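A.B. asks: To be precise about what I am sending: the file is called target.txt and holds compact mmCIF, C-alpha atoms.
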```txt
# COMPACT_ATOMS: atom_id res chain seq x y z
CA MET F 1 -69.09 218.71 -113.16
CA LEU F 2 -71.41 215.78 -113.74
CA THR F 3 -74.98 217.06 -113.94
CA LYS F 4 -78.13 215.83 -112.30
CA ARG F 5 -80.44 214.28 -114.89
CA ILE F 6 -84.13 214.85 -115.67
CA ILE F 7 -85.84 211.82 -117.16
CA PRO F 8 -89.41 211.77 -118.52
CA CYS F 9 -90.98 208.31 -118.51
CA LEU F 10 -93.41 207.18 -121.20
CA ASP F 11 -95.75 204.26 -120.63
CA ILE F 12 -96.18 202.28 -123.85
CA LYS F 13 -98.92 199.86 -124.78
CA ASN F 14 -98.87 198.17 -128.18
CA GLY F 15 -96.53 200.81 -129.49
CA ARG F 16 -98.56 203.80 -128.28
CA THR F 17 -98.24 206.05 -125.26
CA VAL F 18 -100.90 205.26 -122.73
CA LYS F 19 -101.45 208.23 -120.50
CA GLY F 20 -103.29 211.09 -122.11
CA VAL F 21 -100.79 213.69 -123.00
CA ASN F 22 -101.58 217.35 -122.97
CA PHE F 23 -99.58 218.66 -125.87
CA VAL F 24 -101.74 220.84 -128.06
CA ASP F 25 -99.11 221.14 -130.78
CA LEU F 26 -98.82 217.40 -131.11
CA ARG F 27 -100.27 215.85 -134.25
CA ASP F 28 -100.63 212.49 -132.59
CA ALA F 29 -100.54 212.56 -128.81
CA GLY F 30 -100.25 208.79 -128.69
CA ASP F 31 -97.13 208.63 -130.81
CA PRO F 32 -94.17 207.88 -128.55
CA VAL F 33 -91.67 208.90 -131.22
CA GLU F 34 -93.10 212.36 -131.62
CA LEU F 35 -93.29 212.80 -127.87
CA ALA F 36 -89.72 211.59 -127.46
CA LYS F 37 -88.57 214.20 -129.96
CA ILE F 38 -90.37 216.97 -128.09
CA TYR F 39 -88.87 215.98 -124.74
CA SER F 40 -85.45 215.68 -126.28
CA ASP F 41 -85.76 219.17 -127.83
CA GLU F 42 -86.96 220.60 -124.51
CA GLY F 43 -83.81 219.42 -122.77
CA ALA F 44 -84.63 216.04 -121.25
CA ASP F 45 -81.35 214.32 -120.40
CA GLU F 46 -82.62 210.80 -121.04
CA LEU F 47 -85.89 209.04 -121.70
CA VAL F 48 -87.40 205.89 -120.28
CA PHE F 49 -89.95 203.81 -122.21
CA LEU F 50 -91.89 201.40 -120.08
CA ASP F 51 -93.75 198.78 -122.10
CA ILE F 52 -96.88 197.68 -120.28
CA SER F 53 -98.55 195.71 -123.08
CA ALA F 54 -99.28 192.11 -122.41
CA THR F 55 -99.70 190.48 -125.80
CA GLU F 56 -97.29 188.22 -127.59
CA GLU F 57 -97.04 190.68 -130.42
CA ARG F 58 -95.56 193.26 -128.14
CA ARG F 59 -91.95 192.36 -128.66
CA ARG F 60 -92.13 193.05 -132.38
CA THR F 61 -94.02 196.31 -131.83
CA LEU F 62 -91.55 197.36 -129.17
CA VAL F 63 -88.57 196.61 -131.36
CA ASP F 64 -90.05 198.70 -134.17
CA LEU F 65 -90.63 201.51 -131.72
CA VAL F 66 -87.08 201.32 -130.37
CA ARG F 67 -85.71 201.61 -133.91
CA LYS F 68 -87.87 204.62 -134.67
CA VAL F 69 -86.94 206.37 -131.42
CA ALA F 70 -83.22 205.64 -131.89
CA SER F 71 -83.28 206.99 -135.42
CA THR F 72 -85.04 210.18 -134.31
CA ILE F 73 -83.49 211.34 -131.04
CA ASN F 74 -79.85 211.92 -130.09
CA ILE F 75 -80.02 211.43 -126.32
CA PRO F 76 -79.83 208.13 -124.42
CA PHE F 77 -82.91 206.09 -123.72
CA THR F 78 -83.84 203.11 -121.60
CA VAL F 79 -86.43 200.46 -122.37
CA GLY F 80 -88.17 198.46 -119.66
CA GLY F 81 -91.12 196.17 -119.17
CA GLY F 82 -91.42 192.45 -119.67
CA ILE F 83 -87.71 191.80 -120.11
CA SER F 84 -86.84 188.40 -118.70
CA ALA F 85 -84.02 186.97 -120.80
CA VAL F 86 -80.66 187.85 -122.31
CA GLU F 87 -82.18 187.48 -125.80
CA ASP F 88 -84.82 190.14 -125.04
CA VAL F 89 -82.06 192.58 -124.23
CA GLU F 90 -79.92 191.67 -127.21
CA VAL F 91 -82.66 192.55 -129.68
CA LEU F 92 -83.44 195.87 -127.95
CA LEU F 93 -79.79 196.96 -127.86
CA GLN F 94 -79.24 195.90 -131.46
CA ASN F 95 -82.08 198.16 -132.48
CA GLY F 96 -80.71 201.22 -130.74
CA ALA F 97 -81.75 201.15 -127.07
CA ASP F 98 -78.93 202.32 -124.78
CA LYS F 99 -80.04 200.66 -121.57
CA VAL F 100 -82.66 198.25 -120.37
CA SER F 101 -84.53 198.29 -117.12
CA ILE F 102 -85.44 195.04 -115.36
CA ASN F 103 -87.62 194.74 -112.31
CA SER F 104 -89.68 191.66 -111.34
CA SER F 105 -87.59 189.35 -113.53
CA ALA F 106 -84.47 190.35 -111.56
CA VAL F 107 -86.18 189.49 -108.27
CA LYS F 108 -87.35 186.14 -109.62
CA ASN F 109 -84.01 185.38 -111.23
CA PRO F 110 -81.20 187.52 -109.77
CA GLN F 111 -78.64 185.74 -111.97
CA LEU F 112 -80.17 187.67 -114.89
CA ILE F 113 -78.41 190.81 -113.61
CA ASN F 114 -75.02 189.06 -113.71
CA ASP F 115 -75.72 187.61 -117.14
CA LEU F 116 -76.72 190.96 -118.61
CA ALA F 117 -73.80 192.82 -117.01
CA ASN F 118 -71.31 190.23 -118.23
CA LYS F 119 -72.67 190.15 -121.74
CA PHE F 120 -73.50 193.81 -122.38
CA GLY F 121 -71.71 195.71 -119.59
CA SER F 122 -73.09 197.24 -116.40
CA GLN F 123 -73.63 200.59 -118.13
CA CYS F 124 -76.76 199.31 -119.84
CA VAL F 125 -78.32 197.44 -116.91
CA VAL F 126 -80.78 199.47 -114.87
CA VAL F 127 -82.44 197.58 -112.04
CA ALA F 128 -85.81 199.10 -111.17
CA ILE F 129 -86.97 198.54 -107.61
CA ASP F 130 -90.51 199.25 -106.43
CA ALA F 131 -90.77 199.39 -102.67
CA LYS F 132 -93.31 200.27 -100.04
CA GLN F 133 -92.67 201.27 -96.45
CA ILE F 134 -94.57 198.90 -94.17
CA ASP F 135 -94.29 199.34 -90.39
CA GLY F 136 -91.17 201.42 -90.89
CA GLU F 137 -89.49 198.84 -93.11
CA TRP F 138 -89.01 199.35 -96.88
CA MET F 139 -90.08 196.15 -98.64
CA VAL F 140 -89.63 195.28 -102.32
CA HIS F 141 -92.86 194.82 -104.30
CA LEU F 142 -93.48 193.24 -107.69
CA VAL F 143 -95.84 193.71 -110.63
CA GLY F 144 -95.92 197.47 -110.45
CA GLY F 145 -96.04 197.45 -106.69
CA LYS F 146 -99.02 195.10 -106.35
CA VAL F 147 -97.32 192.00 -104.99
CA PRO F 148 -95.29 192.22 -101.75
CA THR F 149 -92.14 190.19 -101.20
CA GLU F 150 -90.06 189.33 -98.14
CA ILE F 151 -87.09 191.22 -99.56
CA ARG F 152 -85.86 194.37 -97.87
CA LEU F 153 -85.11 197.31 -100.18
CA PHE F 154 -81.65 198.05 -98.81
CA ASP F 155 -80.52 194.42 -98.89
CA TRP F 156 -81.72 194.09 -102.45
CA ALA F 157 -80.01 197.32 -103.55
CA VAL F 158 -76.66 196.06 -102.26
CA GLU F 159 -77.19 192.73 -103.98
CA VAL F 160 -78.07 194.22 -107.37
CA GLU F 161 -74.97 196.41 -107.23
CA GLN F 162 -72.80 193.41 -106.42
CA ARG F 163 -74.36 191.46 -109.27
CA GLY F 164 -73.42 194.18 -111.74
CA ALA F 165 -76.30 196.66 -112.04
CA GLY F 166 -75.08 199.98 -113.43
CA GLU F 167 -77.90 202.04 -111.96
CA ILE F 168 -80.88 201.72 -109.64
CA LEU F 169 -84.29 203.20 -110.45
CA PHE F 170 -86.10 203.39 -107.13
CA THR F 171 -89.85 203.97 -107.08
CA SER F 172 -91.51 204.56 -103.74
CA MET F 173 -95.02 203.10 -103.84
CA ASN F 174 -95.88 205.33 -100.87
CA ASN F 175 -95.11 208.42 -102.91
CA ASP F 176 -96.05 207.35 -106.44
CA GLY F 177 -99.07 209.26 -107.72
CA THR F 178 -99.30 211.46 -104.63
CA LYS F 179 -97.48 214.47 -106.10
CA SER F 180 -96.18 215.14 -102.61
CA GLY F 181 -92.48 214.75 -103.30
CA PHE F 182 -89.95 211.94 -103.64
CA ALA F 183 -89.02 209.51 -100.83
CA ASN F 184 -85.87 211.44 -100.03
CA GLU F 185 -84.94 209.75 -96.78
CA ALA F 186 -84.85 206.31 -98.39
CA LEU F 187 -83.15 207.74 -101.49
CA ALA F 188 -80.37 209.35 -99.47
CA ARG F 189 -79.80 206.12 -97.59
CA LEU F 190 -79.63 204.20 -100.89
CA SER F 191 -77.18 206.70 -102.29
CA GLU F 192 -74.85 206.23 -99.33
CA LEU F 193 -75.24 202.49 -99.28
CA VAL F 194 -74.32 201.75 -102.90
CA ASN F 195 -71.81 203.38 -105.22
CA ILE F 196 -73.87 203.38 -108.43
CA PRO F 197 -76.21 206.16 -109.59
CA ILE F 198 -79.71 206.30 -108.10
CA ILE F 199 -82.72 207.52 -110.10
CA ALA F 200 -85.55 208.85 -107.94
CA SER F 201 -89.08 208.01 -109.03
CA GLY F 202 -92.56 208.49 -107.60
CA GLY F 203 -94.03 211.62 -106.09
CA ALA F 204 -92.99 214.50 -108.33
CA GLY F 205 -95.57 217.27 -108.08
CA ASN F 206 -93.69 220.56 -108.30
CA ILE F 207 -90.27 222.00 -109.02
CA GLN F 208 -89.27 222.15 -105.35
CA HIS F 209 -89.69 218.36 -105.17
CA PHE F 210 -86.90 217.99 -107.74
CA VAL F 211 -84.66 220.41 -105.83
CA ASP F 212 -85.32 218.43 -102.66
CA THR F 213 -84.54 215.04 -104.14
CA PHE F 214 -81.22 216.25 -105.54
CA VAL F 215 -80.22 218.02 -102.31
CA ASP F 216 -81.83 216.00 -99.48
CA GLY F 217 -82.32 212.74 -101.37
CA LYS F 218 -78.80 212.84 -102.91
CA SER F 219 -80.38 211.45 -106.09
CA ASP F 220 -78.36 211.41 -109.29
CA ALA F 221 -81.39 211.65 -111.54
CA ALA F 222 -85.13 212.16 -111.20
CA LEU F 223 -87.82 210.47 -113.24
CA ALA F 224 -91.40 211.61 -113.66
CA ALA F 225 -94.30 211.05 -116.00
CA SER F 226 -97.55 212.94 -115.54
CA VAL F 227 -96.11 216.32 -114.47
CA PHE F 228 -94.32 216.41 -117.79
CA HIS F 229 -97.07 214.86 -119.91
CA PHE F 230 -99.67 217.30 -118.61
CA LYS F 231 -97.26 220.21 -118.86
CA GLU F 232 -97.61 220.97 -115.17
CA ILE F 233 -93.85 221.32 -115.22
CA GLU F 234 -91.90 222.34 -118.32
CA ILE F 235 -88.50 220.74 -118.52
CA LYS F 236 -86.79 223.98 -119.55
CA THR F 237 -88.26 225.90 -116.61
CA LEU F 238 -87.45 223.05 -114.24
CA LYS F 239 -83.81 222.92 -115.27
CA GLN F 240 -83.44 226.69 -115.06
CA GLU F 241 -84.89 226.61 -111.54
CA LEU F 242 -82.51 223.80 -110.55
CA LYS F 243 -79.63 225.89 -111.85
CA ASN F 244 -80.89 228.86 -109.80
CA ASN F 245 -80.68 226.54 -106.79
CA ASN F 246 -77.01 225.83 -107.59
CA ILE F 247 -77.77 222.35 -108.86
CA GLU F 248 -75.64 221.40 -111.84
CA VAL F 249 -77.81 220.72 -114.91
CA ARG F 250 -77.35 220.72 -118.66
CA LEU F 251 -79.05 223.79 -120.13
CA MET C 1 -67.98 209.05 -148.71
CA ASN C 2 -67.18 205.56 -147.60
CA ILE C 3 -67.62 205.21 -143.82
CA VAL C 4 -66.90 201.91 -142.11
CA ILE C 5 -67.81 201.06 -138.53
CA ILE C 6 -65.56 198.29 -137.28
CA ASN C 7 -67.67 195.32 -136.31
CA TYR C 8 -66.22 193.10 -133.62
CA GLY C 9 -69.37 192.42 -131.67
CA ALA C 10 -69.09 195.53 -129.51
CA GLY C 11 -72.46 196.56 -128.22
CA ASN C 12 -74.71 199.27 -129.50
CA ILE C 13 -73.63 200.21 -132.99
CA GLN C 14 -77.11 201.08 -134.21
CA SER C 15 -77.17 204.51 -132.55
CA ILE C 16 -73.93 205.46 -134.32
CA MET C 17 -75.42 204.27 -137.63
CA PHE C 18 -78.53 206.39 -137.03
CA ALA C 19 -76.50 209.46 -136.02
CA ILE C 20 -74.46 209.19 -139.22
CA GLU C 21 -77.69 208.91 -141.21
CA ARG C 22 -79.06 212.05 -139.54
CA LEU C 23 -75.90 213.83 -140.71
CA GLY C 24 -76.73 212.80 -144.27
CA TYR C 25 -74.19 210.00 -144.67
CA LYS C 26 -74.36 206.26 -144.67
CA ALA C 27 -72.06 203.85 -142.88
CA VAL C 28 -71.42 200.16 -143.31
CA LEU C 29 -70.55 197.68 -140.61
CA SER C 30 -67.55 195.52 -141.39
CA ASN C 31 -64.79 193.33 -140.00
CA ASN C 32 -63.27 192.78 -143.44
CA PRO C 33 -59.65 194.12 -143.47
CA ASP C 34 -59.79 195.25 -147.12
CA GLU C 35 -63.07 197.06 -146.60
CA ILE C 36 -61.72 198.78 -143.49
CA LYS C 37 -58.44 199.74 -145.18
CA SER C 38 -60.17 201.28 -148.18
CA ALA C 39 -62.69 203.35 -146.16
CA ASP C 40 -62.49 207.16 -146.13
CA LYS C 41 -63.38 207.26 -142.45
CA VAL C 42 -63.27 204.50 -139.85
CA ILE C 43 -65.24 204.45 -136.62
CA PHE C 44 -64.09 202.13 -133.86
CA PRO C 45 -66.93 201.76 -131.36
CA GLY C 46 -66.96 199.89 -128.11
CA VAL C 47 -69.15 199.06 -125.20
CA GLY C 48 -68.43 196.37 -122.67
CA GLU C 49 -65.34 195.04 -120.96
CA ALA C 50 -61.80 195.92 -122.15
CA SER C 51 -59.93 192.62 -121.93
CA TYR C 52 -62.86 190.76 -123.53
CA ALA C 53 -63.01 193.31 -126.36
CA MET C 54 -59.24 193.15 -126.84
CA ASN C 55 -59.43 189.38 -127.19
CA ARG C 56 -62.13 189.75 -129.82
CA LEU C 57 -59.85 192.11 -131.76
CA LYS C 58 -56.95 189.65 -131.53
CA GLU C 59 -59.08 186.73 -132.73
CA SER C 60 -59.89 188.60 -135.92
CA GLY C 61 -56.47 190.18 -136.43
CA LEU C 62 -57.99 193.65 -136.11
CA ASP C 63 -55.51 194.46 -133.32
CA THR C 64 -52.66 194.56 -135.84
CA LEU C 65 -54.72 196.18 -138.61
CA ILE C 66 -56.12 199.20 -136.74
CA PRO C 67 -52.78 200.84 -135.80
CA THR C 68 -51.67 200.69 -139.47
CA LEU C 69 -54.69 202.62 -140.80
CA THR C 70 -53.88 205.95 -142.45
CA GLN C 71 -57.32 207.56 -142.90
CA PRO C 72 -59.08 209.38 -140.02
CA VAL C 73 -60.09 206.85 -137.35
CA LEU C 74 -62.42 207.70 -134.44
CA GLY C 75 -62.56 205.49 -131.36
CA ILE C 76 -65.61 206.02 -129.19
CA CYS C 77 -65.82 205.19 -125.45
CA LEU C 78 -64.22 201.75 -124.98
CA GLY C 79 -62.95 202.10 -128.57
CA MET C 80 -60.86 205.06 -127.46
CA GLN C 81 -59.67 203.24 -124.34
CA LEU C 82 -58.53 200.23 -126.39
CA MET C 83 -56.38 202.58 -128.52
CA CYS C 84 -54.36 203.49 -125.39
CA ASN C 85 -51.28 201.68 -124.02
CA SER C 86 -53.12 199.59 -121.46
CA SER C 87 -56.24 199.37 -119.34
CA GLU C 88 -56.71 198.43 -115.71
CA GLU C 89 -59.98 196.83 -116.76
CA GLY C 90 -59.04 193.16 -116.97
CA ASN C 91 -55.36 194.30 -116.97
CA THR C 92 -55.15 194.26 -120.71
CA LYS C 93 -52.64 195.74 -123.13
CA GLY C 94 -54.07 198.16 -125.67
CA LEU C 95 -53.33 199.05 -129.28
CA ARG C 96 -50.70 201.63 -128.19
CA ILE C 97 -51.91 204.34 -130.55
CA PHE C 98 -52.30 206.85 -127.73
CA ASP C 99 -49.39 207.02 -125.31
CA VAL C 100 -51.44 206.92 -122.13
CA ASP C 101 -52.82 204.35 -119.68
CA VAL C 102 -56.44 203.77 -118.72
CA VAL C 103 -57.13 203.57 -114.98
CA LYS C 104 -60.19 203.21 -112.73
CA PHE C 105 -62.06 205.95 -110.89
CA SER C 106 -61.75 205.56 -107.13
CA SER C 107 -64.71 204.70 -104.93
CA LYS C 108 -64.85 208.30 -103.67
CA VAL C 109 -67.21 208.94 -106.58
CA LYS C 110 -70.06 206.90 -107.99
CA VAL C 111 -68.83 204.44 -110.58
CA PRO C 112 -69.71 204.33 -113.45
CA GLN C 113 -69.78 208.03 -114.11
CA MET C 114 -73.11 208.18 -115.89
CA GLY C 115 -74.62 211.26 -117.47
CA TRP C 116 -73.71 214.66 -118.84
CA ASN C 117 -70.45 216.44 -118.07
CA THR C 118 -68.53 219.29 -119.71
CA ILE C 119 -65.55 219.11 -122.05
CA TYR C 120 -62.99 221.92 -122.03
CA ASN C 121 -59.45 222.87 -123.15
CA LEU C 122 -60.54 221.86 -126.64
CA LYS C 123 -57.61 221.61 -129.02
CA SER C 124 -58.53 219.88 -132.26
CA ASP C 125 -60.32 220.34 -135.60
CA LEU C 126 -62.68 217.74 -134.19
CA PHE C 127 -64.09 220.60 -132.07
CA LYS C 128 -64.33 223.20 -134.84
CA GLY C 129 -67.25 225.48 -134.01
CA ILE C 130 -67.78 223.84 -130.59
CA ALA C 131 -67.76 226.15 -127.56
CA GLU C 132 -65.82 225.34 -124.41
CA LYS C 133 -67.76 223.57 -121.64
CA GLU C 134 -70.48 222.03 -123.74
CA TYR C 135 -72.14 218.98 -122.14
CA MET C 136 -71.46 215.50 -123.49
CA TYR C 137 -72.98 212.15 -122.49
CA LEU C 138 -70.55 209.80 -120.76
CA VAL C 139 -70.82 206.33 -119.27
CA HIS C 140 -67.59 204.84 -118.01
CA SER C 141 -65.75 203.44 -114.99
CA PHE C 142 -62.21 203.81 -116.36
CA TYR C 143 -60.48 206.87 -117.82
CA ALA C 144 -57.38 207.92 -119.75
CA THR C 145 -55.18 210.28 -117.76
CA ILE C 146 -54.06 213.66 -119.10
CA CYS C 147 -51.22 213.39 -121.62
CA LYS C 148 -49.66 215.29 -124.51
CA GLU C 149 -52.31 213.84 -126.85
CA THR C 150 -55.22 215.16 -124.77
CA ILE C 151 -57.50 217.36 -126.91
CA ALA C 152 -60.42 217.66 -124.45
CA THR C 153 -60.55 217.52 -120.67
CA THR C 154 -63.36 216.54 -118.30
CA GLU C 155 -63.44 216.53 -114.52
CA TYR C 156 -64.87 213.72 -112.43
CA GLU C 157 -62.93 213.20 -109.21
CA VAL C 158 -59.85 214.13 -111.28
CA GLU C 159 -59.23 215.88 -114.60
CA TYR C 160 -58.86 213.28 -117.34
CA SER C 161 -58.75 212.99 -121.15
CA SER C 162 -62.25 213.06 -122.61
CA ALA C 163 -60.73 213.13 -126.12
CA LEU C 164 -57.34 212.21 -127.61
CA GLU C 165 -55.63 212.80 -130.95
CA ASN C 166 -52.48 211.36 -132.48
CA GLY C 167 -52.00 211.96 -136.21
CA ASN C 168 -54.97 210.46 -138.05
CA PHE C 169 -56.29 208.80 -134.87
CA TYR C 170 -58.96 210.40 -132.72
CA GLY C 171 -60.75 209.12 -129.65
CA THR C 172 -63.65 210.41 -127.57
CA GLN C 173 -64.59 209.05 -124.15
CA PHE C 174 -68.02 210.62 -124.55
CA HIS C 175 -70.67 209.37 -126.96
CA PRO C 176 -71.05 212.01 -129.70
CA GLU C 177 -73.96 210.00 -131.12
CA LYS C 178 -75.87 210.37 -127.84
CA SER C 179 -74.84 213.90 -126.88
CA GLY C 180 -77.59 215.93 -128.47
CA ASP C 181 -77.03 218.36 -131.33
CA VAL C 182 -73.55 219.36 -130.13
CA GLY C 183 -72.39 215.75 -130.10
CA GLU C 184 -73.79 215.27 -133.56
CA LYS C 185 -71.81 218.31 -134.73
CA ILE C 186 -68.59 216.75 -133.39
CA LEU C 187 -69.35 213.53 -135.25
CA GLY C 188 -70.02 215.66 -138.35
CA ASN C 189 -66.66 217.42 -137.87
CA PHE C 190 -64.92 214.05 -137.84
CA LEU C 191 -66.68 212.95 -141.03
CA GLU C 192 -65.61 216.20 -142.70
CA LEU C 193 -61.92 215.94 -141.70
```
If you took the structure in this file and wrote it as structure tokens, what would it be?
C.D. replies:
Amino acid sequence: MLTKRIIPCLDIKNGRTVKGVNFVDLRDAGDPVELAKIYSDEGADELVFLDISATEERRRTLVDLVRKVASTINIPFTVGGGISAVEDVEVLLQNGADKVSINSSAVKNPQLINDLANKFGSQCVVVAIDAKQIDGEWMVHLVGGKVPTEIRLFDWAVEVEQRGAGEILFTSMNNDGTKSGFANEALARLSELVNIPIIASGGAGNIQHFVDTFVDGKSDAALAASVFHFKEIEIKTLKQELKNNNIEVRL
Amino acid sequence: MNIVIINYGAGNIQSIMFAIERLGYKAVLSNNPDEIKSADKVIFPGVGEASYAMNRLKESGLDTLIPTLTQPVLGICLGMQLMCNSSEEGNTKGLRIFDVDVVKFSSKVKVPQMGWNTIYNLKSDLFKGIAEKEYMYLVHSFYATICKETIATTEYEVEYSSALENGNFYGTQFHPEKSGDVGEKILGNFLEL
């Protein structure tokens, strides 16, 4: 049976991980490659690297990082952040990334999804959607959730699937950072609306939250950052607990 | 050992190169017929769309070369699918190395299948030392049905061939280069055939 996936997310700035990471046995807590190796050894099913640097040099730094990660770990990984053109994706895939995640650039230029799917295949196109529930309506937001749009989450999800996205990474801005659980109602609706995998993001605080998003939220995968970085949840323990709850995972 | 990865512009080849390096070998990328013919091991990768990939093979004459190879050849993912009789993806003919057709998953399940699933009923030296029901990483919308050349089975909506073998030709639907240490061991088994 296909398993549910656990995906740690690493924020990268100028080739270094940003959030303080609480790994005592780590020589260099800011080294994404070393961290990636640890997560991979602990049983992470995939990794996501989100590049949040803003300088022009970032592409080169990111490409170097992608090469180092790809040469070190033997599980799939996704790279996102600042990708706005087919050429950006080409260089990342050539250097060993398995998938790319696009967000604001897809909203500004939806044709990009078609272009990437046609050129590289849907399997490597993850469309990340940040949305916030306003007056009962889930609305798409840009720039890490700061800028609202007039686009409704569920309309946009259908459109990105039709344009060739292979997966949707949905972050609820209402839940992100709250550690109060994932937005399972919206996630379940997404999962029934489209026929591509949905990754839940935003709100992970404890192990039960992961159980809930796989059962109630019908999510195919769950992404989290700080609960893993600060060792509040160990991936091995999490997966064992999911298994105890009859959720299929890779142990 | 002389390992050649067939280069026909098919997606992410770098992760296979790195996996081979981690196993202590080195591979070269080539579309040169003589180089491919003289290799000890040939890897036939593939990511993308079947009919497009098949056309690329035809343009370079690789479609007639690959079935004549006599050393161990491993097709991965779309590579394996292209070695079958035909694919519903773009309704293309295949290289007819494996006597089986490639068809699409129905919409009763999420397509593509993306993630980790088990392989079982393992039947080949490719799986020497590999336990039944290990998890492999898979990303695909089309699958090869069960046939007499099936050497590994996976279930997603239906039971299908997650690996095939015919003589010196092997194919895996899963990505051994992305399937953790177990996947790497399978790739190592192939290189040691």
A.B. asks: Residues of chain F near chain C: apply a cut-off of 7 Å, count all atoms listed in the file, and supply the list as a list of chain:residue names.
C.D. replies: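 So the contacting residues turn out to be F:Met1, F:Leu2, F:Thr3, F:Ala70, F:Ser71, F:Asn74, F:Ile75, F:Pro76, F:Leu93, F:Gln94, F:Asn95, F:Gly96, F:Phe120, F:Gly121, F:Gln123, F:Gly166, F:Asn195, F:Ile196, F:Pro197, F:Arg250.
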A.B. asks: Write the residues you've just listed into a file as a JSON list (two decimals), keeping the file's coordinate frame, and include C-alpha atoms for each of them.
C.D. replies:
```
[["chain", "number", "residue", "atom", "x", "y", "z"],
["F", 1, "MET", "CA", -69.09, 218.71, -113.16],
["F", 2, "LEU", "CA", -71.41, 215.78, -113.74],
["F", 3, "THR", "CA", -74.98, 217.06, -113.94],
["F", 70, "ALA", "CA", -83.22, 205.64, -131.89],
["F", 71, "SER", "CA", -83.28, 206.99, -135.42],
["F", 74, "ASN", "CA", -79.85, 211.92, -130.09],
["F", 75, "ILE", "CA", -80.02, 211.43, -126.32],
["F", 76, "PRO", "CA", -79.83, 208.13, -124.42],
["F", 93, "LEU", "CA", -79.79, 196.96, -127.86],
["F", 94, "GLN", "CA", -79.24, 195.90, -131.46],
["F", 95, "ASN", "CA", -82.08, 198.16, -132.48],
["F", 96, "GLY", "CA", -80.71, 201.22, -130.74],
["F", 120, "PHE", "CA", -73.50, 193.81, -122.38],
["F", 121, "GLY", "CA", -71.71, 195.71, -119.59],
["F", 123, "GLN", "CA", -73.63, 200.59, -118.13],
["F", 166, "GLY", "CA", -75.08, 199.98, -113.43],
["F", 195, "ASN", "CA", -71.81, 203.38, -105.22],
["F", 196, "ILE", "CA", -73.87, 203.38, -108.43],
["F", 197, "PRO", "CA", -76.21, 206.16, -109.59],
["F", 250, "ARG", "CA", -77.35, 220.72, -118.66]]
```
A.B. asks: Can you list, as a PyMOL selection string, every protein, DNA or RNA residue that comes within 8 Å of Ala44 of chain F when you count all atoms listed in the file, leaving out same-chain residues fewer than 6 positions away?
C.D. replies: chain F and resi 5-8+235
A.B. asks: Smallest atom-to-atom distance to Ile146 of chain C: which of C:Asn166, C:Tyr8, C:Phe174, C:Val100, using all atoms listed in the file?
C.D. replies: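 With all atoms listed in the file as the atom set, the closest residue is C:Val100.
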A.B. asks: Would you list the contacts of Val102 of chain C as number ranges by chain, taking every protein, DNA or RNA residue within 8 Å and counting only C-alpha atoms, but skipping same-chain residues closer than 2 positions in sequence?
C.D. replies: C: 81, 84-88, 100, 104, 142-145
A.B. asks: List as a PyMOL selection string the residues having at least one atom at most 7 Å from position (-88.3, 198.6, -109.9) as given in the file, counting all atoms listed in the file.
C.D. replies: chain F and resi 103+127-130+169-171
A.B. asks: May I have the selected residues written with C-alpha atoms, as a PDB file, keeping the file's coordinate frame?
C.D. replies:
```pdb
ATOM      1  CA  ASN F 103     -87.620 194.740-112.310  1.00  0.00           C
ATOM      2  CA  VAL F 127     -82.440 197.580-112.040  1.00  0.00           C
ATOM      3  CA  ALA F 128     -85.810 199.100-111.170  1.00  0.00           C
ATOM      4  CA  ILE F 129     -86.970 198.540-107.610  1.00  0.00           C
ATOM      5  CA  ASP F 130     -90.510 199.250-106.430  1.00  0.00           C
ATOM      6  CA  LEU F 169     -84.290 203.200-110.450  1.00  0.00           C
ATOM      7  CA  PHE F 170     -86.100 203.390-107.130  1.00  0.00           C
ATOM      8  CA  THR F 171     -89.850 203.970-107.080  1.00  0.00           C
TER       9      THR F 171
END
```
A.B. asks: Please write as a PDB file with C-alpha atoms, in the coordinates of the input the list of polymer residues whose atoms come within 8 Å of (-84.1, 214.6, -103.7), counting only C-alpha atoms and keeping to the coordinates of the file.
C.D. replies:
```pdb
ATOM      1  CA  PHE F 182     -89.950 211.940-103.640  1.00  0.00           C
ATOM      2  CA  ALA F 183     -89.020 209.510-100.830  1.00  0.00           C
ATOM      3  CA  ASN F 184     -85.870 211.440-100.030  1.00  0.00           C
ATOM      4  CA  LEU F 187     -83.150 207.740-101.490  1.00  0.00           C
ATOM      5  CA  ALA F 188     -80.370 209.350 -99.470  1.00  0.00           C
ATOM      6  CA  ALA F 200     -85.550 208.850-107.940  1.00  0.00           C
ATOM      7  CA  HIS F 209     -89.690 218.360-105.170  1.00  0.00           C
ATOM      8  CA  PHE F 210     -86.900 217.990-107.740  1.00  0.00           C
ATOM      9  CA  VAL F 211     -84.660 220.410-105.830  1.00  0.00           C
ATOM     10  CA  ASP F 212     -85.320 218.430-102.660  1.00  0.00           C
ATOM     11  CA  THR F 213     -84.540 215.040-104.140  1.00  0.00           C
ATOM     12  CA  PHE F 214     -81.220 216.250-105.540  1.00  0.00           C
ATOM     13  CA  VAL F 215     -80.220 218.020-102.310  1.00  0.00           C
ATOM     14  CA  ASP F 216     -81.830 216.000 -99.480  1.00  0.00           C
ATOM     15  CA  GLY F 217     -82.320 212.740-101.370  1.00  0.00           C
ATOM     16  CA  LYS F 218     -78.800 212.840-102.910  1.00  0.00           C
ATOM     17  CA  SER F 219     -80.380 211.450-106.090  1.00  0.00           C
ATOM     18  CA  ALA F 222     -85.130 212.160-111.200  1.00  0.00           C
TER      19      ALA F 222
END
```
